[in-house]
Every structure is written in structure tokens, then in C-alpha cells.
Amino acid sequence: MGKAHRIQRVSSIMRSLCLVLALLAPSAVALIWLRFDSFATMIVGINQLPFRPQDIDASTRLMGFIIHMIPGGVAVYALLQGRRLFGLYSEGKIFTLENTRRLSNIARALIVYTLAMPLMRTALSVLLTLHKPLGERHLVISISSDDIGLLFIGTGLLVITWIMDEGRKLAEDNAQIV
């Protein structure tokens with residue numbers, strides 16, 4: 001089996017996987033908020049919760065779901081861009097303008113996702129303690145090493161897409177020389 005065939009086969013699998021994950025992501029976030037009592041420490045990201053999970057009502061859970069879906073929506077967008085990119089690879093299209101656009105969209109989405117995560121955590125900290133009396137409400141602002149790592153990866157991927165696009169342009173120019 002040649003490398004081109006292997007790229008096409010694996011890309012076809014990745015294309016399907018991106019679709020499955022894009023479809024599952026909103027359902028997973030909904031499940032987390034429906035079963036909030038079980039997932040509370042994972043959502044907030046701290047071990048000592050400033051509230052009792054069972055005290056969170058349905059409207060607060062709905063707002064939590066909406067806030068959580070802001071970065072979740074960005075992730076779904078990135079996965080759908082990945083699906084299209086892997087679709088191109090599975091068709092044998094490797095260095096095309098469409099490929100670099102899709103890869104660039106994924107890189108940008110990763111950067112936006114990384115910036116949205118601390119905002120989501122901050123908004124959730126306010127939402128989940130809003131029912132408490134003044135003086136007991138929390139405003140948590142946090143940036144994790146994961147956020148910094150993803151920002152670095154997203155920025156690096158964006159630079160790689162610029163390089164790939166320049167290579168694509170050079171290849172097109174060379175193909176026109178007779």
C-alpha cells in the first residue's frame with residue numbers, strides 16, 4: 001500500500017470521526033448539565049465547590065449549557081472544518097487553496113476556543129453563585145496551562161498554514177513555467 005493510499009484511507013476515517021465528534025459534542029455538554037450533580041467539580045474545575053450542586057435549578061442549568069456551548073460551538077465548527085479537510089485529503093487533494101483555508105479555519109477556531117475557555121469559566125463562576133447572598137458570590141478568573149498550550153498550538157498551526165499556502169503558490173507558479 002502506497003503512502004497516498006494510506007493518507008486517503010486514514011483521512012476517510014478521520015473525516016467520519018470528525019463528524020461523529022461534532023454531533024456528540026452538544027449532546028455531551030447537555031448530558032453534563034442534565035446530570036450536573038455528578039459532573040459539578042469537572043465543570044467548575046475546582047475541588048471545593050462554593051455551592052451545593054443539588055441547589056442549582058433548571059434555568060441555571062440551561063444558562064450553564066448555553067455558556068458552555070460558546071466554546072463548544074467553536075469546537076464543533078473546528079471539527080466540521082476538519083471533516084471537510086480530511087474529505088479533501090481522502091479525495092487525494094493535498095496542496096490546494098481549499099486545504100489551506102480549512103486548516104487556517106481550524107487554527108483560528110483553536111485560538112478562539114482557547115480564548116473562550118477562561119471567559120466560560122468566569123461566566124460559570126458567576127452564574128453558579130448568583131443565587132447566593134451578596135458577599136458569598138464568586139468571580140473566578142483562571143487561565144490554565146492547557147489554555148496556554150492550546151494557544152501555542154493554534155498559533156503554530158496558523159503559521160504552518162501560511163507556509164503551506166506559500167508553498168502552494170510557488171508550486172502553481174512553477175507549473176505555469178514552460
# chains A, B, ... in the order shown; residues from 1 in each chain; ligands from 1
>>> residues_around(residues="Ala75 in chain A", least_positions_apart="3", cutoff="10 Å", atoms="only C-alpha atoms", output="NGL selection string")
:A and (21-22 or 25-26 or 69-72 or 78-81 or 106 or 109-110 or 112-113)
>>> select_by_dssp(residues="chain A", states="alpha helix (DSSP H)", output="PyMOL selection string")
chain A and resi 3-34+36-44+58-90+97-129+145-176
>>> residues_around(residues="range 152-157 of chain A", least_positions_apart="2", cutoff="12 Å", atoms="only C-alpha atoms", output="number ranges by chain")
A: 78, 100-115, 145-150, 159-164
>>> closest_residue(among="A:Leu23, A:Leu31, A:Ala175, A:Ala4", to="Ser90 in chain A", atoms="only C-alpha atoms")
A:Ala4
>>> atom_distance(atom1="CA of Leu158 in chain A", atom2="CA of Arg83 in chain A")
17.8 Å
>>> residues_around(residues="Phe86 in chain A", least_positions_apart="5", cutoff="9 Å", atoms="only C-alpha atoms", output="ChimeraX atom specification")
/A:8,10-16,18,81,91,99
>>> write_last_selection(atoms="N, CA and C atoms", output="mmCIF file, in the first residue's frame")
data_model
loop_
_atom_site.group_PDB
_atom_site.id
_atom_site.type_symbol
_atom_site.label_atom_id
_atom_site.label_comp_id
_atom_site.auth_asym_id
_atom_site.auth_seq_id
_atom_site.Cartn_x
_atom_site.Cartn_y
_atom_site.Cartn_z
ATOM 1 N N GLN A 8 -5.226 8.606 2.106
ATOM 2 C CA GLN A 8 -6.646 8.644 1.745
ATOM 3 C C GLN A 8 -7.487 7.788 2.688
ATOM 4 N N VAL A 10 -6.759 6.751 5.881
ATOM 5 C CA VAL A 10 -6.796 7.319 7.235
ATOM 6 C C VAL A 10 -7.613 8.612 7.241
ATOM 7 N N SER A 11 -7.490 9.406 6.186
ATOM 8 C CA SER A 11 -8.269 10.646 6.096
ATOM 9 C C SER A 11 -9.762 10.364 6.048
ATOM 10 N N SER A 12 -10.139 9.306 5.384
ATOM 11 C CA SER A 12 -11.549 8.923 5.331
ATOM 12 C C SER A 12 -12.067 8.565 6.725
ATOM 13 N N ILE A 13 -11.250 7.851 7.483
ATOM 14 C CA ILE A 13 -11.621 7.507 8.862
ATOM 15 C C ILE A 13 -11.715 8.771 9.707
ATOM 16 N N MET A 14 -10.738 9.666 9.575
ATOM 17 C CA MET A 14 -10.735 10.914 10.341
ATOM 18 C C MET A 14 -11.925 11.795 9.971
ATOM 19 N N ARG A 15 -12.295 11.783 8.706
ATOM 20 C CA ARG A 15 -13.464 12.557 8.255
ATOM 21 C C ARG A 15 -14.712 12.088 8.997
ATOM 22 N N SER A 16 -14.888 10.784 9.073
ATOM 23 C CA SER A 16 -16.047 10.228 9.783
ATOM 24 C C SER A 16 -15.971 10.522 11.275
ATOM 25 N N CYS A 18 -14.500 13.035 12.773
ATOM 26 C CA CYS A 18 -14.805 14.455 12.999
ATOM 27 C C CYS A 18 -16.316 14.688 13.021
ATOM 28 N N GLN A 81 -14.807 21.759 10.071
ATOM 29 C CA GLN A 81 -13.736 22.169 9.156
ATOM 30 C C GLN A 81 -12.765 21.001 8.951
ATOM 31 N N GLU A 91 -9.855 12.480 -0.990
ATOM 32 C CA GLU A 91 -10.018 12.557 -2.446
ATOM 33 C C GLU A 91 -8.683 12.716 -3.160
ATOM 34 N N ASN A 99 -7.593 23.388 0.951
ATOM 35 C CA ASN A 99 -6.949 22.737 2.101
ATOM 36 C C ASN A 99 -6.391 23.770 3.071
#
>>> atom_distance(atom1="CA of Leu151 in chain A", atom2="CA of Thr60 in chain A")
29.8 Å
